>>> print(open('structure15.cif').read())   # mmCIF, C-alpha atoms
data_input
#
loop_
_atom_site.group_PDB
_atom_site.id
_atom_site.type_symbol
_atom_site.label_atom_id
_atom_site.label_comp_id
_atom_site.auth_asym_id
_atom_site.auth_seq_id
_atom_site.Cartn_x
_atom_site.Cartn_y
_atom_site.Cartn_z
ATOM 1 C CA MET N 17 86.068 83.955 103.205
ATOM 2 C CA ALA N 18 88.061 80.741 103.415
ATOM 3 C CA ASP N 19 88.567 79.130 106.799
ATOM 4 C CA PRO N 20 92.136 80.004 107.906
ATOM 5 C CA PHE N 21 92.346 76.634 109.639
ATOM 6 C CA PRO N 22 91.166 73.837 107.316
ATOM 7 C CA HIS N 23 92.111 71.090 109.799
ATOM 8 C CA VAL N 24 91.626 70.378 113.482
ATOM 9 C CA LEU N 25 93.604 68.224 115.855
ATOM 10 C CA ASN N 26 91.008 66.412 117.935
ATOM 11 C CA VAL N 27 91.989 65.141 121.391
ATOM 12 C CA VAL N 28 89.797 62.927 123.578
ATOM 13 C CA ALA N 29 90.838 61.732 127.018
ATOM 14 C CA ALA N 30 89.714 58.355 128.279
ATOM 15 C CA HIS N 31 89.321 59.509 131.895
ATOM 16 C CA ARG N 32 88.561 63.254 131.847
ATOM 17 C CA ASP N 33 92.184 64.267 132.269
ATOM 18 C CA GLY N 34 92.667 65.997 128.934
ATOM 19 C CA ALA N 35 93.309 69.394 130.515
ATOM 20 C CA GLU N 36 96.616 68.221 131.963
ATOM 21 C CA ARG N 37 98.270 68.004 128.532
ATOM 22 C CA ALA N 38 96.179 70.502 126.548
ATOM 23 C CA ALA N 39 98.638 73.424 126.595
ATOM 24 C CA GLU N 40 101.538 71.098 125.848
ATOM 25 C CA ILE N 41 99.722 69.555 122.899
ATOM 26 C CA ARG N 42 98.746 72.956 121.478
ATOM 27 C CA ALA N 43 102.365 74.074 121.743
ATOM 28 C CA ALA N 44 103.412 70.984 119.803
ATOM 29 C CA VAL N 45 100.890 71.832 117.068
ATOM 30 C CA ALA N 46 102.085 75.451 116.951
ATOM 31 C CA SER N 47 105.689 74.287 116.609
ATOM 32 C CA THR N 48 104.837 72.853 113.180
ATOM 33 C CA GLY N 49 103.012 75.930 111.829
ATOM 34 C CA ALA N 50 99.965 78.129 112.429
ATOM 35 C CA ALA N 51 97.612 76.978 115.197
ATOM 36 C CA GLY N 52 94.393 78.380 116.642
ATOM 37 C CA GLU N 53 93.326 78.480 120.244
ATOM 38 C CA ILE N 54 92.053 75.400 122.112
ATOM 39 C CA VAL N 55 88.333 74.798 121.626
ATOM 40 C CA TRP N 56 86.828 72.681 124.401
ATOM 41 C CA LEU N 57 84.137 70.222 123.312
ATOM 42 C CA ALA N 58 83.784 68.626 126.750
ATOM 43 C CA PRO N 59 85.403 70.112 129.863
ATOM 44 C CA PHE N 60 88.547 68.216 130.873
ATOM 45 C CA ARG N 61 87.815 65.512 128.315
ATOM 46 C CA ALA N 62 87.740 66.590 124.654
ATOM 47 C CA PHE N 63 89.119 69.538 122.714
ATOM 48 C CA ASP N 64 90.164 70.712 119.253
ATOM 49 C CA VAL N 65 93.210 72.646 118.127
ATOM 50 C CA PRO N 66 92.579 74.211 114.687
ATOM 51 C CA PHE N 67 95.705 74.246 112.514
ATOM 52 C CA LEU N 68 97.125 75.097 109.129
ATOM 53 C CA GLY N 69 99.830 72.776 107.900
ATOM 54 C CA GLU N 70 100.728 69.186 107.114
ATOM 55 C CA ALA N 71 98.373 66.902 109.026
ATOM 56 C CA GLN N 72 100.816 64.026 109.439
ATOM 57 C CA LYS N 73 103.543 66.293 110.810
ATOM 58 C CA VAL N 74 101.095 67.837 113.293
ATOM 59 C CA LEU N 75 99.839 64.410 114.332
ATOM 60 C CA VAL N 76 103.330 63.081 114.989
ATOM 61 C CA ALA N 77 104.254 66.145 117.056
ATOM 62 C CA ALA N 78 101.054 66.078 119.115
ATOM 63 C CA ARG N 79 101.212 62.365 119.835
ATOM 64 C CA ALA N 80 104.851 62.696 120.893
ATOM 65 C CA ALA N 81 103.919 65.512 123.270
ATOM 66 C CA ALA N 82 101.187 63.354 124.816
ATOM 67 C CA ALA N 83 103.203 60.137 124.995
ATOM 68 C CA GLY N 84 102.189 57.985 127.944
ATOM 69 C CA SER N 85 98.783 59.597 128.426
ATOM 70 C CA PRO N 86 95.485 57.807 127.621
ATOM 71 C CA LEU N 87 94.576 60.315 124.919
ATOM 72 C CA ASP N 88 93.173 59.619 121.460
ATOM 73 C CA ILE N 89 94.663 62.178 119.067
ATOM 74 C CA ASN N 90 93.596 62.513 115.443
ATOM 75 C CA ALA N 91 93.877 65.092 112.657
ATOM 76 C CA ILE N 92 90.532 65.766 110.952
ATOM 77 C CA ASP N 93 89.435 67.922 108.019
ATOM 78 C CA ALA N 94 87.208 70.733 109.262
ATOM 79 C CA GLU N 95 84.948 70.615 106.197
ATOM 80 C CA ASP N 96 82.063 68.082 106.164
ATOM 81 C CA ARG N 97 83.053 67.113 109.690
ATOM 82 C CA ARG N 98 79.623 65.994 110.869
ATOM 83 C CA LYS N 99 78.681 62.902 108.938
ATOM 84 C CA ARG N 100 75.291 61.961 107.534
ATOM 85 C CA LEU N 101 75.848 58.189 107.466
ATOM 86 C CA LEU N 102 77.286 55.917 110.168
ATOM 87 C CA ILE N 103 78.173 52.354 109.227
ATOM 88 C CA ALA N 104 79.508 50.211 112.065
ATOM 89 C CA ASP N 105 80.920 46.756 112.607
ATOM 90 C CA MET N 106 79.355 44.854 115.504
ATOM 91 C CA ASP N 107 81.672 42.327 117.195
ATOM 92 C CA SER N 108 84.321 43.980 119.398
ATOM 93 C CA THR N 109 83.191 47.387 118.097
ATOM 94 C CA ILE N 110 79.581 48.027 119.113
ATOM 95 C CA ILE N 111 79.578 45.039 121.471
ATOM 96 C CA ASN N 112 82.162 43.676 123.898
ATOM 97 C CA CYS N 113 82.937 40.305 122.319
ATOM 98 C CA GLU N 114 83.127 38.086 119.244
ATOM 99 C CA CYS N 115 79.809 36.210 119.133
ATOM 100 C CA LEU N 116 81.215 33.234 117.271
ATOM 101 C CA ASP N 117 83.934 32.769 119.874
ATOM 102 C CA GLU N 118 81.297 32.817 122.620
ATOM 103 C CA LEU N 119 79.266 30.180 120.777
ATOM 104 C CA ALA N 120 82.460 28.161 120.545
ATOM 105 C CA ASP N 121 82.833 28.445 124.305
ATOM 106 C CA MET N 122 79.392 26.871 124.696
ATOM 107 C CA ALA N 123 80.641 23.969 122.584
ATOM 108 C CA GLY N 124 83.922 23.658 124.485
ATOM 109 C CA LEU N 125 85.891 24.799 121.427
ATOM 110 C CA LYS N 126 86.754 28.408 122.241
ATOM 111 C CA PRO N 127 90.582 28.194 122.119
ATOM 112 C CA LYS N 128 90.531 26.485 118.725
ATOM 113 C CA ILE N 129 87.926 28.783 117.148
ATOM 114 C CA ALA N 130 89.227 31.977 118.784
ATOM 115 C CA ALA N 131 92.654 31.306 117.273
ATOM 116 C CA ILE N 132 91.089 31.223 113.795
ATOM 117 C CA THR N 133 89.107 34.387 114.582
ATOM 118 C CA ALA N 134 92.271 36.219 115.636
ATOM 119 C CA ARG N 135 94.056 35.267 112.419
ATOM 120 C CA ALA N 136 91.105 36.409 110.310
ATOM 121 C CA MET N 137 90.755 39.728 112.142
ATOM 122 C CA ASN N 138 94.493 40.328 111.771
ATOM 123 C CA GLY N 139 94.180 39.760 108.011
ATOM 124 C CA GLU N 140 96.308 36.618 108.036
ATOM 125 C CA ILE N 141 93.634 34.429 106.429
ATOM 126 C CA GLU N 142 90.682 35.146 104.151
ATOM 127 C CA PHE N 143 87.524 36.028 106.090
ATOM 128 C CA ALA N 144 84.896 33.950 104.277
ATOM 129 C CA ALA N 145 86.944 30.741 104.397
ATOM 130 C CA ALA N 146 87.711 31.328 108.075
ATOM 131 C CA LEU N 147 84.022 31.876 108.836
ATOM 132 C CA ARG N 148 82.963 28.654 107.090
ATOM 133 C CA GLU N 149 85.698 26.719 108.927
ATOM 134 C CA ARG N 150 84.611 28.026 112.322
ATOM 135 C CA VAL N 151 80.894 27.520 111.716
ATOM 136 C CA ALA N 152 81.535 23.941 110.586
ATOM 137 C CA LEU N 153 83.040 23.191 113.994
ATOM 138 C CA LEU N 154 79.749 24.251 115.628
ATOM 139 C CA GLU N 155 77.666 21.567 113.926
ATOM 140 C CA GLY N 156 75.234 20.079 116.441
ATOM 141 C CA LEU N 157 75.292 23.008 118.862
ATOM 142 C CA THR N 158 71.727 23.392 120.083
ATOM 143 C CA LEU N 159 69.868 26.612 119.403
ATOM 144 C CA ASP N 160 69.461 27.488 123.060
ATOM 145 C CA ALA N 161 73.198 28.232 123.060
ATOM 146 C CA LEU N 162 72.522 31.294 120.909
ATOM 147 C CA GLU N 163 70.028 32.597 123.452
ATOM 148 C CA ARG N 164 72.491 31.964 126.280
ATOM 149 C CA VAL N 165 75.242 33.881 124.485
ATOM 150 C CA TRP N 166 72.896 36.810 123.902
ATOM 151 C CA ARG N 167 71.630 36.803 127.481
ATOM 152 C CA GLU N 168 74.883 36.063 129.327
ATOM 153 C CA ARG N 169 77.788 37.301 127.226
ATOM 154 C CA ILE N 170 76.835 40.214 124.968
ATOM 155 C CA ARG N 171 76.933 43.771 126.231
ATOM 156 C CA LEU N 172 76.963 47.042 124.335
ATOM 157 C CA ASN N 173 80.293 48.805 124.520
ATOM 158 C CA PRO N 174 80.277 52.101 126.462
ATOM 159 C CA GLY N 175 79.007 54.981 124.360
ATOM 160 C CA ALA N 176 77.236 52.833 121.754
ATOM 161 C CA LYS N 177 73.735 54.114 122.512
ATOM 162 C CA ALA N 178 74.932 57.717 122.761
ATOM 163 C CA LEU N 179 76.759 57.483 119.428
ATOM 164 C CA VAL N 180 73.737 56.178 117.557
ATOM 165 C CA ALA N 181 71.140 58.345 119.319
ATOM 166 C CA THR N 182 73.140 61.553 118.836
ATOM 167 C CA MET N 183 73.809 60.997 115.157
ATOM 168 C CA ARG N 184 70.172 60.071 114.515
ATOM 169 C CA ALA N 185 69.007 63.153 116.405
ATOM 170 C CA HIS N 186 71.068 65.255 113.999
ATOM 171 C CA GLY N 187 69.645 63.590 110.900
ATOM 172 C CA ALA N 188 72.224 60.900 110.184
ATOM 173 C CA ARG N 189 71.396 57.393 109.024
ATOM 174 C CA THR N 190 72.843 54.542 111.108
ATOM 175 C CA MET N 191 73.655 51.021 109.883
ATOM 176 C CA LEU N 192 75.065 47.949 111.623
ATOM 177 C CA VAL N 193 76.921 45.770 109.103
ATOM 178 C CA SER N 194 78.557 42.656 110.501
ATOM 179 C CA GLY N 195 80.426 39.575 109.397
ATOM 180 C CA GLY N 196 78.691 37.933 112.361
ATOM 181 C CA PHE N 197 75.169 36.589 112.514
ATOM 182 C CA THR N 198 71.670 37.958 112.090
ATOM 183 C CA TYR N 199 70.512 36.299 115.317
ATOM 184 C CA PHE N 200 72.710 38.777 117.180
ATOM 185 C CA THR N 201 72.692 41.805 114.870
ATOM 186 C CA SER N 202 68.893 42.010 115.000
ATOM 187 C CA ARG N 203 69.010 42.196 118.793
ATOM 188 C CA VAL N 204 72.037 44.485 119.019
ATOM 189 C CA ALA N 205 70.614 46.878 116.424
ATOM 190 C CA LYS N 206 67.392 47.176 118.387
ATOM 191 C CA GLU N 207 69.146 47.720 121.716
ATOM 192 C CA ALA N 208 71.663 50.241 120.366
ATOM 193 C CA GLY N 209 69.148 52.068 118.176
ATOM 194 C CA PHE N 210 70.485 51.342 114.679
ATOM 195 C CA GLU N 211 67.967 51.820 111.881
ATOM 196 C CA SER N 212 69.122 48.818 109.862
ATOM 197 C CA GLU N 213 71.365 45.782 110.146
ATOM 198 C CA GLN N 214 72.775 43.042 107.962
ATOM 199 C CA ALA N 215 74.910 40.009 108.686
ATOM 200 C CA ASN N 216 75.334 36.307 107.917
ATOM 201 C CA HIS N 217 72.618 33.763 108.586
ATOM 202 C CA LEU N 218 73.440 30.584 110.516
ATOM 203 C CA LEU N 219 71.623 27.528 109.161
ATOM 204 C CA ASP N 220 69.881 25.102 111.514
ATOM 205 C CA ASP N 221 67.563 22.103 111.393
ATOM 206 C CA GLY N 222 65.137 23.517 113.919
ATOM 207 C CA LEU N 223 66.986 22.067 116.881
ATOM 208 C CA ALA N 224 70.694 22.616 116.297
ATOM 209 C CA LEU N 225 73.185 24.307 114.007
ATOM 210 C CA THR N 226 74.003 22.400 110.809
ATOM 211 C CA GLY N 227 77.562 23.690 110.648
ATOM 212 C CA ARG N 228 76.827 25.819 107.584
ATOM 213 C CA VAL N 229 76.197 29.491 106.914
ATOM 214 C CA GLN N 230 73.902 30.801 104.200
ATOM 215 C CA GLU N 231 75.789 31.837 101.072
ATOM 216 C CA PRO N 232 77.113 34.212 99.967
ATOM 217 C CA VAL N 233 79.132 35.059 103.071
ATOM 218 C CA LEU N 234 78.938 38.719 104.057
ATOM 219 C CA GLY N 235 82.498 39.853 104.594
ATOM 220 C CA ARG N 236 84.922 42.575 103.597
ATOM 221 C CA GLU N 237 83.518 43.244 100.124
ATOM 222 C CA ALA N 238 79.912 43.246 101.337
ATOM 223 C CA LYS N 239 80.660 45.820 104.026
ATOM 224 C CA LEU N 240 82.153 48.149 101.431
ATOM 225 C CA ALA N 241 79.197 47.505 99.117
ATOM 226 C CA ALA N 242 76.782 48.395 101.933
ATOM 227 C CA LEU N 243 78.531 51.728 102.449
ATOM 228 C CA GLU N 244 78.554 52.492 98.733
ATOM 229 C CA ALA N 245 74.901 51.531 98.272
ATOM 230 C CA ALA N 246 73.728 53.620 101.223
ATOM 231 C CA ALA N 247 75.684 56.678 100.095
ATOM 232 C CA ALA N 248 74.245 56.343 96.581
ATOM 233 C CA GLU N 249 70.713 55.921 97.916
ATOM 234 C CA MET N 250 71.098 58.995 100.128
ATOM 235 C CA GLN N 251 72.788 60.912 97.299
ATOM 236 C CA ILE N 252 75.678 61.949 99.509
ATOM 237 C CA SER N 253 79.424 61.939 98.949
ATOM 238 C CA PHE N 254 81.739 59.572 100.783
ATOM 239 C CA ASP N 255 83.127 62.631 102.576
ATOM 240 C CA GLU N 256 79.801 62.683 104.455
ATOM 241 C CA THR N 257 80.191 59.144 105.826
ATOM 242 C CA ILE N 258 81.857 57.594 108.859
ATOM 243 C CA ALA N 259 82.767 53.912 109.201
ATOM 244 C CA VAL N 260 84.080 52.191 112.308
ATOM 245 C CA GLY N 261 85.458 48.730 112.978
ATOM 246 C CA ASP N 262 88.271 46.738 114.535
ATOM 247 C CA GLY N 263 89.136 43.865 112.174
ATOM 248 C CA ALA N 264 90.720 43.353 108.773
ATOM 249 C CA ASN N 265 87.335 42.717 107.151
ATOM 250 C CA ASP N 266 86.419 46.325 108.054
ATOM 251 C CA LEU N 267 89.373 47.889 106.256
ATOM 252 C CA ASP N 268 87.776 48.503 102.861
ATOM 253 C CA MET N 269 84.777 50.379 104.270
ATOM 254 C CA ILE N 270 87.031 52.270 106.692
ATOM 255 C CA ARG N 271 89.302 53.403 103.872
ATOM 256 C CA ARG N 272 86.368 54.392 101.644
ATOM 257 C CA ALA N 273 84.500 56.455 104.221
ATOM 258 C CA GLY N 274 85.166 60.148 104.623
ATOM 259 C CA LEU N 275 86.088 59.414 108.236
ATOM 260 C CA GLY N 276 87.299 55.867 108.774
ATOM 261 C CA VAL N 277 87.885 54.946 112.405
ATOM 262 C CA ALA N 278 89.799 52.009 113.870
ATOM 263 C CA TYR N 279 88.218 51.320 117.261
ATOM 264 C CA HIS N 280 90.456 49.452 119.755
ATOM 265 C CA ALA N 281 91.553 47.716 116.603
ATOM 266 C CA LYS N 282 94.000 45.127 115.372
ATOM 267 C CA PRO N 283 97.350 46.666 114.273
ATOM 268 C CA ILE N 284 96.659 46.239 110.543
ATOM 269 C CA VAL N 285 93.434 48.223 110.935
ATOM 270 C CA ALA N 286 94.855 50.929 113.197
ATOM 271 C CA GLU N 287 97.649 51.519 110.699
ATOM 272 C CA GLY N 288 95.298 51.673 107.700
ATOM 273 C CA ALA N 289 92.563 53.897 109.139
ATOM 274 C CA GLY N 290 92.341 57.665 108.895
ATOM 275 C CA ALA N 291 91.600 57.911 112.620
ATOM 276 C CA ARG N 292 92.068 55.602 115.590
ATOM 277 C CA ILE N 293 90.484 55.320 119.019
ATOM 278 C CA ASP N 294 92.730 53.273 121.295
ATOM 279 C CA HIS N 295 91.679 54.477 124.757
ATOM 280 C CA GLY N 296 88.236 56.080 124.819
ATOM 281 C CA ASP N 297 84.704 54.802 124.401
ATOM 282 C CA LEU N 298 82.418 55.179 121.391
ATOM 283 C CA THR N 299 81.472 58.773 122.248
ATOM 284 C CA ALA N 300 84.962 59.629 120.953
ATOM 285 C CA LEU N 301 83.469 59.241 117.461
ATOM 286 C CA LEU N 302 81.112 62.108 118.268
ATOM 287 C CA TYR N 303 83.926 64.372 119.439
ATOM 288 C CA LEU N 304 85.814 63.496 116.249
ATOM 289 C CA GLN N 305 82.853 64.990 114.395
ATOM 290 C CA GLY N 306 82.889 68.145 116.498
ATOM 291 C CA TYR N 307 79.906 67.405 118.724
ATOM 292 C CA ARG N 308 79.969 69.103 122.111
ATOM 293 C CA GLU N 309 79.160 67.362 125.368
ATOM 294 C CA ASN N 310 75.798 69.149 125.722
ATOM 295 C CA GLU N 311 74.728 67.849 122.303
ATOM 296 C CA ILE N 312 75.259 64.184 123.152
ATOM 297 C CA LYS N 313 72.117 62.152 123.807
ATOM 298 C CA LEU N 314 72.348 59.217 126.185
ATOM 299 C CA SER N 315 69.642 57.337 124.265
ATOM 300 C CA ASP N 316 66.613 57.841 122.039
#
>>> encode(input="structure15.cif", output="structure tokens")
Amino acid sequence: MADPFPHVLNVVAAHRDGAERAAEIRAAVASTGAAGEIVWLAPFRAFDVPFLGEAQKVLVAARAAAAGSPLDINAIDAEDRRKRLLIADMDSTIINCECLDELADMAGLKPKIAAITARAMNGEIEFAAALRERVALLEGLTLDALERVWRERIRLNPGAKALVATMRAHGARTMLVSGGFTYFTSRVAKEAGFESEQANHLLDDGLALTGRVQEPVLGREAKLAALEAAAAEMQISFDETIAVGDGANDLDMIRRAGLGVAYHAKPIVAEGAGARIDHGDLTALLYLQGYRENEIKLSD
């Protein structure tokens, strides 16, 4: 028997105040067509409203009903909801900063380099050229600066460990794919629990950075290729994958994945993604997939 509700409206509150607008949001969904009862995934924080109808119309109505509240509201297909492959960007997605900008701060060049980073992440300039330009400005920066950035500046974003640990516990493969640098992805992957990682490699002379990055630059196309290769290797459809990122170089993998998520993202990414998390932490990606609070692991 076919599911009478092929879609769900997923709502996640940033501060456990989802119950305040739940009835209002369900009423908004019902005003557009058939709607099921509220299904709580986490008390006072996350719930689903199953529905039958046009997803975009439901989404517009629900978001209007919740205007002004710190709620992340997305319409999701009920089928293949739990994904078997997670592919995630690192900088400003899994971690709290842009590593290259923090290296620039060590060199006294943060405003100049951060401005280039912002333009690249907004899709205003081509990623690979922007990366080479920024790395060139770091020529002569001693290698201990990388260790200082890792030790003093980089922190996992809230929910990162829970996201990875929960998906792995349910049989999913997890990959960190970054336009940043292997020095950091290797450490972040280990701390967050990712099974694999890939990124760009900064070149040095043993004492300091040379101002060059190993070619070819891993950027937008490489992230998409990583998703496609992993899905082929696992023999799964793209409907069984989830990709998350915040910058323009993440857009291709986000659009290709069965569930593409813009996480606290630049406007061009938020507009182009199938789902967006603007308020909550990374556990919101688990609620998007229908996980309940008692299924979420805090770590491995």
>>> residues_near_point(input="structure15.cif", point="(77.3, 60.4, 100.3)", cutoff="10 Å", atoms="only C-alpha atoms", output="JSON, numbers by chain")
{"N": [99, 100, 101, 243, 244, 245, 246, 247, 248, 249, 250, 251, 252, 253, 254, 255, 256, 257, 273, 274]}
>>> resolve_selection(input="structure15.cif", expression="the PyMOL selection byres ((chain N and resi 196-211) around 10)", output="PyMOL selection string")
chain N and resi 102-107+110-111+114-116+147+162-163+165-166+170-173+175-181+184+189-195+212-218+229+233-235+315-316
>>> resolve_selection(input="structure15.cif", expression="the PyMOL selection byres ((chain N and resi 303) around 10)", output="list of chain:residue names")
N:Asn26, N:Val27, N:Val28, N:Leu57, N:Ala58, N:Arg61, N:Ala62, N:Phe63, N:Asp64, N:Arg98, N:Leu179, N:Leu298, N:Thr299, N:Ala300, N:Leu301, N:Leu302, N:Leu304, N:Gln305, N:Gly306, N:Tyr307, N:Arg308, N:Glu309, N:Ile312
>>> resolve_selection(input="structure15.cif", expression="the PyMOL selection byres ((chain N and resi 264) around 7)", output="number ranges by chain")
N: 137-139, 263, 265-267, 284-285
>>> residues_around(input="structure15.cif", residues="N:Ala81", least_positions_apart="6", cutoff="8 Å", atoms="all atoms listed in the file", output="PyMOL selection string")
chain N and resi 40-41+44
>>> atom_distance(input="structure15.cif", atom1="atom CA of N:Gly124", atom2="atom CA of N:Ala161")
11.7 Å
>>> closest_residue(input="structure15.cif", among="N:Leu125, N:Val24, N:Thr109, N:Ala224", to="N:Ala281", atoms="all atoms listed in the file")
N:Thr109
>>> atom_distance(input="structure15.cif", atom1="atom CA of N:Ile258", atom2="atom CA of N:Leu75")
20.0 Å
>>> closest_residue(input="structure15.cif", among="N:Gly296, N:Pro20, N:Gly34, N:Pro59", to="N:Glu95", atoms="all atoms listed in the file")
N:Pro20
>>> closest_residue(input="structure15.cif", among="N:Lys282, N:His295, N:Arg167, N:Arg272", to="N:Ala134", atoms="all atoms listed in the file")
N:Lys282
>>> decode(input="structure15.cif", residues="stretch 228-246 of chain N", atoms="N, CA, C and O atoms", output="tab-separated table (two decimals), in the first residue's frame")
chain	number	residue	atom	x	y	z
N	228	ARG	N	52.82	28.13	-2.63
N	228	ARG	CA	52.19	27.34	-3.69
N	228	ARG	C	51.40	26.17	-3.08
N	228	ARG	O	51.70	25.72	-1.98
N	229	VAL	N	50.43	25.71	-3.84
N	229	VAL	CA	49.62	24.56	-3.45
N	229	VAL	C	49.82	23.48	-4.51
N	229	VAL	O	49.99	23.78	-5.69
N	230	GLN	N	49.83	22.24	-4.08
N	230	GLN	CA	50.02	21.14	-5.03
N	230	GLN	C	48.86	21.11	-6.02
N	230	GLN	O	47.70	21.22	-5.65
N	231	GLU	N	49.22	20.93	-7.30
N	231	GLU	CA	48.19	20.85	-8.34
N	231	GLU	C	47.80	19.39	-8.57
N	231	GLU	O	48.59	18.49	-8.33
N	232	PRO	N	46.59	19.13	-9.08
N	232	PRO	CA	45.54	20.10	-9.35
N	232	PRO	C	44.82	20.54	-8.07
N	232	PRO	O	44.77	19.77	-7.09
N	233	VAL	N	44.28	21.73	-8.08
N	233	VAL	CA	43.54	22.25	-6.92
N	233	VAL	C	42.23	21.49	-6.78
N	233	VAL	O	41.50	21.28	-7.76
N	234	LEU	N	41.95	21.05	-5.57
N	234	LEU	CA	40.67	20.40	-5.27
N	234	LEU	C	39.64	21.48	-4.98
N	234	LEU	O	39.77	22.21	-4.00
N	235	GLY	N	38.66	21.58	-5.84
N	235	GLY	CA	37.63	22.61	-5.67
N	235	GLY	C	36.26	22.06	-5.96
N	235	GLY	O	35.94	20.91	-5.63
N	236	ARG	N	35.46	22.86	-6.62
N	236	ARG	CA	34.05	22.53	-6.86
N	236	ARG	C	33.87	21.22	-7.62
N	236	ARG	O	33.09	20.36	-7.21
N	237	GLU	N	34.61	21.06	-8.71
N	237	GLU	CA	34.47	19.86	-9.54
N	237	GLU	C	34.94	18.62	-8.80
N	237	GLU	O	34.35	17.54	-8.92
N	238	ALA	N	36.00	18.75	-8.01
N	238	ALA	CA	36.55	17.61	-7.29
N	238	ALA	C	35.60	17.14	-6.19
N	238	ALA	O	35.51	15.94	-5.90
N	239	LYS	N	34.89	18.07	-5.57
N	239	LYS	CA	33.92	17.68	-4.54
N	239	LYS	C	32.79	16.86	-5.15
N	239	LYS	O	32.37	15.83	-4.60
N	240	LEU	N	32.30	17.32	-6.30
N	240	LEU	CA	31.26	16.56	-7.00
N	240	LEU	C	31.79	15.19	-7.41
N	240	LEU	O	31.10	14.17	-7.24
N	241	ALA	N	33.02	15.16	-7.93
N	241	ALA	CA	33.61	13.89	-8.35
N	241	ALA	C	33.76	12.92	-7.18
N	241	ALA	O	33.56	11.71	-7.33
N	242	ALA	N	34.08	13.44	-6.00
N	242	ALA	CA	34.21	12.60	-4.81
N	242	ALA	C	32.88	11.96	-4.45
N	242	ALA	O	32.80	10.78	-4.10
N	243	LEU	N	31.81	12.73	-4.53
N	243	LEU	CA	30.47	12.21	-4.27
N	243	LEU	C	30.11	11.14	-5.28
N	243	LEU	O	29.63	10.05	-4.91
N	244	GLU	N	30.34	11.42	-6.54
N	244	GLU	CA	29.98	10.47	-7.60
N	244	GLU	C	30.78	9.18	-7.49
N	244	GLU	O	30.23	8.08	-7.64
N	245	ALA	N	32.08	9.30	-7.19
N	245	ALA	CA	32.93	8.12	-7.07
N	245	ALA	C	32.53	7.25	-5.88
N	245	ALA	O	32.48	6.02	-5.97
N	246	ALA	N	32.21	7.89	-4.76
N	246	ALA	CA	31.82	7.13	-3.57
N	246	ALA	C	30.49	6.41	-3.78
N	246	ALA	O	30.33	5.25	-3.39
